[in-house]
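Participant: mmCIF, C-alpha atoms, file data.cif:
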```
data_query
#
loop_
_atom_site.group_PDB
_atom_site.id
_atom_site.type_symbol
_atom_site.label_atom_id
_atom_site.label_comp_id
_atom_site.auth_asym_id
_atom_site.auth_seq_id
_atom_site.Cartn_x
_atom_site.Cartn_y
_atom_site.Cartn_z
ATOM 1 C CA MET A 152 -20.302 36.600 -9.291
ATOM 2 C CA LYS A 153 -16.945 38.274 -9.919
ATOM 3 C CA THR A 154 -15.603 36.850 -6.631
ATOM 4 C CA ALA A 155 -16.604 33.323 -7.688
ATOM 5 C CA PHE A 156 -14.646 33.672 -10.944
ATOM 6 C CA ILE A 157 -11.595 34.915 -9.058
ATOM 7 C CA ILE A 158 -11.769 31.989 -6.619
ATOM 8 C CA ILE A 159 -12.202 29.470 -9.449
ATOM 9 C CA GLY A 160 -9.288 31.083 -11.291
ATOM 10 C CA LEU A 161 -7.040 30.870 -8.226
ATOM 11 C CA ILE A 162 -7.959 27.251 -7.579
ATOM 12 C CA SER A 163 -7.263 26.422 -11.236
ATOM 13 C CA LEU A 164 -3.904 28.183 -11.089
ATOM 14 C CA ILE A 165 -2.916 26.323 -7.932
ATOM 15 C CA TYR A 166 -3.938 22.993 -9.432
ATOM 16 C CA ILE A 167 -2.057 23.616 -12.678
ATOM 17 C CA SER A 168 1.032 24.715 -10.738
ATOM 18 C CA TYR A 169 0.840 21.567 -8.633
ATOM 19 C CA ARG A 170 0.558 19.327 -11.720
ATOM 20 C CA VAL A 171 3.560 21.032 -13.346
ATOM 21 C CA TYR A 172 5.559 20.662 -10.123
ATOM 22 C CA THR A 173 4.667 16.953 -9.877
ATOM 23 C CA THR A 174 5.643 16.299 -13.472
ATOM 24 C CA VAL A 175 8.978 18.037 -12.984
ATOM 25 C CA SER A 176 9.545 16.134 -9.733
ATOM 26 C CA LEU A 177 8.923 12.816 -11.471
ATOM 27 C CA ALA A 178 11.626 13.696 -13.963
ATOM 28 C CA LYS A 179 14.160 14.122 -11.131
ATOM 29 C CA GLY A 180 15.476 10.585 -11.167
ATOM 30 C CA LEU A 181 12.534 8.557 -9.892
ATOM 31 C CA GLU A 182 12.743 6.386 -12.982
ATOM 32 C CA GLN A 183 16.364 5.602 -12.096
ATOM 33 C CA GLN A 184 15.419 4.932 -8.455
ATOM 34 C CA ILE A 185 12.800 2.435 -9.642
ATOM 35 C CA ALA A 186 15.312 0.807 -12.000
ATOM 36 C CA ASN A 187 17.658 0.463 -9.005
ATOM 37 C CA GLY A 188 15.012 -1.415 -7.016
ATOM 38 C CA ALA A 189 13.098 1.295 -5.160
ATOM 39 C CA VAL A 190 9.864 0.061 -3.609
ATOM 40 C CA ILE A 191 6.677 1.895 -4.527
ATOM 41 C CA LEU A 192 4.599 2.526 -1.408
ATOM 42 C CA ASP A 193 0.984 3.362 -2.198
ATOM 43 C CA VAL A 194 -0.550 5.199 0.771
ATOM 44 C CA ARG A 195 -4.152 5.224 -0.439
ATOM 45 C CA THR A 196 -6.848 3.250 1.343
ATOM 46 C CA THR A 197 -7.182 -0.466 0.644
ATOM 47 C CA ARG A 198 -10.368 0.190 -1.309
ATOM 48 C CA GLU A 199 -8.661 2.792 -3.527
ATOM 49 C CA TYR A 200 -5.690 0.466 -4.035
ATOM 50 C CA GLU A 201 -7.948 -2.411 -5.087
ATOM 51 C CA MET A 202 -9.555 -0.180 -7.723
ATOM 52 C CA GLY A 203 -6.174 0.191 -9.452
ATOM 53 C CA HIS A 204 -2.491 0.317 -8.549
ATOM 54 C CA ILE A 205 1.037 -0.090 -9.843
ATOM 55 C CA PRO A 206 1.913 -3.788 -10.070
ATOM 56 C CA GLY A 207 4.409 -4.752 -7.366
ATOM 57 C CA SER A 208 3.624 -1.767 -5.162
ATOM 58 C CA ILE A 209 3.003 -2.118 -1.431
ATOM 59 C CA ASN A 210 -0.157 -0.686 0.103
ATOM 60 C CA ILE A 211 -0.059 0.865 3.570
ATOM 61 C CA SER A 212 -2.582 3.663 3.923
ATOM 62 C CA LEU A 213 -1.546 7.018 5.320
ATOM 63 C CA GLY A 214 -3.833 6.369 8.294
ATOM 64 C CA GLU A 215 -1.865 3.215 9.142
ATOM 65 C CA ILE A 216 1.679 4.313 8.304
ATOM 66 C CA ARG A 217 2.556 5.473 11.842
ATOM 67 C CA HIS A 218 1.682 2.018 13.201
ATOM 68 C CA ARG A 219 2.932 -0.146 10.333
ATOM 69 C CA TYR A 220 6.183 1.562 9.325
ATOM 70 C CA SER A 221 8.118 -1.164 11.176
ATOM 71 C CA GLU A 222 7.047 -3.587 8.420
ATOM 72 C CA LEU A 223 9.329 -1.659 6.067
ATOM 73 C CA ASP A 224 13.115 -1.929 5.773
ATOM 74 C CA THR A 225 14.889 1.344 6.657
ATOM 75 C CA THR A 226 17.770 0.472 4.311
ATOM 76 C CA LYS A 227 15.563 0.308 1.209
ATOM 77 C CA THR A 228 14.515 3.164 -1.035
ATOM 78 C CA TYR A 229 10.797 3.978 -1.074
ATOM 79 C CA ILE A 230 8.750 6.106 -3.433
ATOM 80 C CA THR A 231 5.409 7.122 -1.951
ATOM 81 C CA CYS A 232 2.318 7.683 -4.081
ATOM 82 C CA CYS A 233 -1.413 8.253 -3.659
ATOM 83 C CA SER A 234 -4.304 9.550 -5.735
ATOM 84 C CA HIS A 235 -3.159 13.157 -6.227
ATOM 85 C CA GLY A 236 0.175 13.436 -4.420
ATOM 86 C CA LEU A 237 -0.878 15.123 -1.174
ATOM 87 C CA ARG A 238 -1.011 12.079 1.104
ATOM 88 C CA SER A 239 2.242 10.808 -0.338
ATOM 89 C CA VAL A 240 4.002 14.001 0.792
ATOM 90 C CA LYS A 241 2.783 13.417 4.349
ATOM 91 C CA ALA A 242 3.805 9.739 4.235
ATOM 92 C CA GLU A 243 7.274 10.748 3.029
ATOM 93 C CA GLN A 244 7.608 13.131 5.991
ATOM 94 C CA ILE A 245 6.426 10.501 8.496
ATOM 95 C CA LEU A 246 8.858 7.882 7.219
ATOM 96 C CA LYS A 247 11.742 10.355 7.358
ATOM 97 C CA GLU A 248 10.776 11.183 10.958
ATOM 98 C CA LYS A 249 10.927 7.438 11.698
ATOM 99 C CA GLY A 250 14.500 7.163 10.418
ATOM 100 C CA PHE A 251 14.038 6.258 6.761
ATOM 101 C CA ARG A 252 16.746 8.004 4.762
ATOM 102 C CA HIS A 253 15.783 7.162 1.188
ATOM 103 C CA VAL A 254 12.164 8.184 0.707
ATOM 104 C CA TYR A 255 10.839 10.183 -2.233
ATOM 105 C CA ASN A 256 7.424 11.525 -3.133
ATOM 106 C CA GLY A 257 6.185 10.031 -6.389
ATOM 107 C CA GLY A 258 2.963 12.042 -6.454
ATOM 108 C CA ALA A 259 -0.127 10.583 -8.080
ATOM 109 C CA TRP A 260 0.074 6.853 -8.717
ATOM 110 C CA THR A 261 -1.259 7.297 -12.254
ATOM 111 C CA ASP A 262 1.628 9.645 -13.082
ATOM 112 C CA LEU A 263 4.199 7.391 -11.410
ATOM 113 C CA GLN A 264 2.786 4.382 -13.263
ATOM 114 C CA LYS A 265 3.913 5.967 -16.535
ATOM 115 C CA ILE A 266 7.563 5.628 -15.540
ATOM 116 C CA ALA A 267 7.342 2.446 -13.427
ATOM 117 C CA LYS A 268 7.981 -0.718 -15.366
ATOM 118 C CA PRO A 269 6.973 -4.008 -13.701
#
```
As C-alpha coordinates - that is how I would like this structure written.
Facilitator:
Amino acid sequence: MKTAFIIIGLISLIYISYRVYTTVSLAKGLEQQIANGAVILDVRTTREYEMGHIPGSINISLGEIRHRYSELDTTKTYITCCSHGLRSVKAEQILKEKGFRHVYNGGAWTDLQKIAKP
(Lines of atoms letter the chains of each structure in order from A and count residues from 1; the text may use other names and numbers.)
(Lines give C-alpha, C1' and ligand atoms only; values in the text may rest on other atoms or scores of the structure.)
Protein backbone atom coordinates (compact mmCIF):
# COMPACT_ATOMS: atom_id res chain seq x y z
CA MET A 1 0.00 0.00 0.00
CA LYS A 2 2.80 2.41 0.91
CA THR A 3 4.57 1.63 -2.39
CA ALA A 4 1.40 2.48 -4.34
CA PHE A 5 1.20 5.90 -2.66
CA ILE A 6 4.85 6.58 -3.45
CA ILE A 7 4.36 5.63 -7.11
CA ILE A 8 1.21 7.77 -7.39
CA GLY A 9 3.06 10.65 -5.73
CA LEU A 10 5.98 10.37 -8.16
CA ILE A 11 3.70 10.21 -11.17
CA SER A 12 1.81 13.27 -9.91
CA LEU A 13 5.06 15.16 -9.36
CA ILE A 14 6.28 14.32 -12.86
CA TYR A 15 2.99 15.38 -14.40
CA ILE A 16 2.89 18.67 -12.49
CA SER A 17 6.51 19.38 -13.43
CA TYR A 18 5.71 18.69 -17.07
CA ARG A 19 2.69 21.04 -17.02
CA VAL A 20 4.76 23.82 -15.43
CA TYR A 21 7.52 23.29 -18.01
CA THR A 22 4.99 23.43 -20.88
CA THR A 23 3.41 26.61 -19.57
CA VAL A 24 6.81 28.27 -19.24
CA SER A 25 7.78 27.08 -22.72
CA LEU A 26 4.63 28.58 -24.21
CA ALA A 27 5.60 31.91 -22.71
CA LYS A 28 8.95 31.82 -24.57
CA GLY A 29 7.81 33.70 -27.64
CA LEU A 30 5.42 31.26 -29.30
CA GLU A 31 2.75 33.95 -29.30
CA GLN A 32 5.13 36.20 -31.25
CA GLN A 33 6.01 33.35 -33.64
CA ILE A 34 2.30 32.85 -34.34
CA ALA A 35 1.82 36.59 -34.85
CA ASN A 36 4.69 36.45 -37.36
CA GLY A 37 2.94 33.74 -39.38
CA ALA A 38 4.16 30.47 -37.86
CA VAL A 39 2.17 27.45 -38.98
CA ILE A 40 0.64 25.27 -36.28
CA LEU A 41 1.24 21.60 -37.08
CA ASP A 42 -1.05 19.28 -35.15
CA VAL A 43 0.50 15.80 -35.04
CA ARG A 44 -2.45 13.96 -33.51
CA THR A 45 -4.39 11.37 -35.47
CA THR A 46 -7.04 12.52 -37.93
CA ARG A 47 -9.76 11.30 -35.57
CA GLU A 48 -8.33 13.30 -32.64
CA TYR A 49 -7.96 16.36 -34.87
CA GLU A 50 -11.57 16.13 -36.03
CA MET A 51 -12.73 16.10 -32.40
CA GLY A 52 -11.21 19.56 -31.89
CA HIS A 53 -8.28 21.61 -33.15
CA ILE A 54 -6.87 25.10 -33.53
CA PRO A 55 -8.48 26.82 -36.53
CA GLY A 56 -6.00 27.13 -39.40
CA SER A 57 -3.72 24.39 -38.11
CA ILE A 58 -2.40 21.64 -40.37
CA ASN A 59 -2.87 18.01 -39.39
CA ILE A 60 -0.16 15.46 -40.17
CA SER A 61 -0.06 12.70 -37.58
CA LEU A 62 3.21 11.70 -35.96
CA GLY A 63 2.89 8.30 -37.65
CA GLU A 64 2.84 9.98 -41.07
CA ILE A 65 5.33 12.80 -40.53
CA ARG A 66 8.37 10.87 -41.83
CA HIS A 67 6.57 10.25 -45.13
CA ARG A 68 4.70 13.54 -45.50
CA TYR A 69 7.25 16.11 -44.31
CA SER A 70 7.94 17.01 -47.96
CA GLU A 71 4.48 18.62 -48.06
CA LEU A 72 5.83 21.29 -45.72
CA ASP A 73 7.99 24.29 -46.63
CA THR A 74 11.43 24.17 -44.95
CA THR A 75 11.61 27.99 -44.96
CA LYS A 76 8.49 28.42 -42.82
CA THR A 77 8.25 28.38 -39.05
CA TYR A 78 6.26 25.51 -37.54
CA ILE A 79 4.91 25.00 -34.05
CA THR A 80 4.06 21.37 -33.33
CA CYS A 81 1.26 20.36 -30.97
CA CYS A 82 -0.63 17.24 -29.91
CA SER A 83 -2.86 16.15 -27.04
CA HIS A 84 -0.35 16.39 -24.17
CA GLY A 85 2.91 17.57 -25.74
CA LEU A 86 4.83 14.29 -26.01
CA ARG A 87 4.22 13.51 -29.69
CA SER A 88 4.88 17.11 -30.61
CA VAL A 89 8.39 16.85 -29.13
CA LYS A 90 9.10 13.83 -31.34
CA ALA A 91 7.65 15.58 -34.41
CA GLU A 92 9.86 18.61 -33.72
CA GLN A 93 12.93 16.34 -33.60
CA ILE A 94 11.98 14.55 -36.84
CA LEU A 95 11.44 17.79 -38.73
CA LYS A 96 14.77 19.16 -37.51
CA GLU A 97 16.46 15.94 -38.69
CA LYS A 98 14.84 16.53 -42.10
CA GLY A 99 16.36 20.00 -42.41
CA PHE A 100 13.67 22.25 -40.93
CA ARG A 101 15.39 25.05 -39.04
CA HIS A 102 12.45 26.86 -37.45
CA VAL A 103 10.42 24.29 -35.54
CA TYR A 104 9.16 24.71 -31.99
CA ASN A 105 7.22 22.47 -29.64
CA GLY A 106 3.91 24.04 -28.68
CA GLY A 107 2.90 21.24 -26.32
CA ALA A 108 -0.76 20.42 -25.84
CA TRP A 109 -3.04 21.92 -28.47
CA THR A 110 -5.48 23.11 -25.80
CA ASP A 111 -2.72 25.14 -24.14
CA LEU A 112 -1.44 26.50 -27.45
CA GLN A 113 -4.99 27.43 -28.45
CA LYS A 114 -5.06 29.94 -25.60
CA ILE A 115 -2.36 32.03 -27.26
CA ALA A 116 -3.19 31.32 -30.93
CA LYS A 117 -5.54 33.83 -32.47
CA PRO A 118 -7.18 32.87 -35.79
Participant: Figure out the distance between CA of Glu199 (chain A) and CA of Ile266 (chain A), please, to one decimal in Å.
Facilitator: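 Between these atoms lies a distance of 20.4 Å.
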Participant: As a check of understanding, name the residues that the PyMOL selection byres ((chain A and resi 216) around 12) selects in the supplied structure, as a PyMOL selection string.
Facilitator: chain A and resi 192-196+209-215+217-223+231+238-239+241-249
Participant: Could you tell me which residues the PyMOL selection byres ((chain A and resi 184) around 12) returns for this structure, as a list of chain:residue names?
Facilitator: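 Checked against the file, the PyMOL selection byres ((chain A and resi 184) around 12) matches A:Leu177, A:Ala178, A:Lys179, A:Gly180, A:Leu181, A:Glu182, A:Gln183, A:Ile185, A:Ala186, A:Asn187, A:Gly188, A:Ala189, A:Val190, A:Ile191, A:Lys227, A:Thr228, A:Tyr229, A:Ile230, A:His253, A:Val254, A:Tyr255, A:Asn256, A:Gly257, A:Leu263, A:Ile266, A:Ala267, A:Lys268.
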Participant: To one decimal place, how far is CA of Arg252 (chain A) from CA of His204 (chain A) in Å?
Facilitator: 24.6 Å
Participant: Write out as lines of an AutoDock Vina configuration file an axis-aligned box for region 209-212 of chain A: all of its atoms listed in the file, 5 Å added on each side, centre and edge lengths in Å with one decimal.
Facilitator:
```
center_x = 0.2
center_y = 0.8
center_z = 1.2
size_x = 15.6
size_y = 15.8
size_z = 15.4
```
Participant: Please write as a PDB file with C-alpha atoms, in the coordinates of the input the full residue list that the PyMOL selection byres ((chain A and resi 236) around 8) yields on this file.
Facilitator:
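Full text of expr-v9.pdb as output:
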```
ATOM      1  CA  THR A 173       4.667  16.953  -9.877  1.00  0.00           C
ATOM      2  CA  CYS A 232       2.318   7.683  -4.081  1.00  0.00           C
ATOM      3  CA  CYS A 233      -1.413   8.253  -3.659  1.00  0.00           C
ATOM      4  CA  SER A 234      -4.304   9.550  -5.735  1.00  0.00           C
ATOM      5  CA  HIS A 235      -3.159  13.157  -6.227  1.00  0.00           C
ATOM      6  CA  LEU A 237      -0.878  15.123  -1.174  1.00  0.00           C
ATOM      7  CA  ARG A 238      -1.011  12.079   1.104  1.00  0.00           C
ATOM      8  CA  SER A 239       2.242  10.808  -0.338  1.00  0.00           C
ATOM      9  CA  VAL A 240       4.002  14.001   0.792  1.00  0.00           C
ATOM     10  CA  ASN A 256       7.424  11.525  -3.133  1.00  0.00           C
ATOM     11  CA  GLY A 257       6.185  10.031  -6.389  1.00  0.00           C
ATOM     12  CA  GLY A 258       2.963  12.042  -6.454  1.00  0.00           C
ATOM     13  CA  ALA A 259      -0.127  10.583  -8.080  1.00  0.00           C
ATOM     14  CA  TRP A 260       0.074   6.853  -8.717  1.00  0.00           C
TER      15      TRP A 260
END
```
Participant: Rank A:Ile157, A:Gln264, A:Asp224, A:Pro206 by their smallest atom-to-atom distance to Phe251 (chain A), using all atoms listed in the file, and report the top residue only.
Facilitator: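 Ranked by minimum distance to Phe251 (chain A), first place goes to A:Asp224.
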Participant: What does the structure give for the distance between CA of Glu201 (chain A) and CA of Lys265 (chain A), in Å to one decimal?
Facilitator: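 Rounded to one decimal, the two atoms are 18.5 Å apart.
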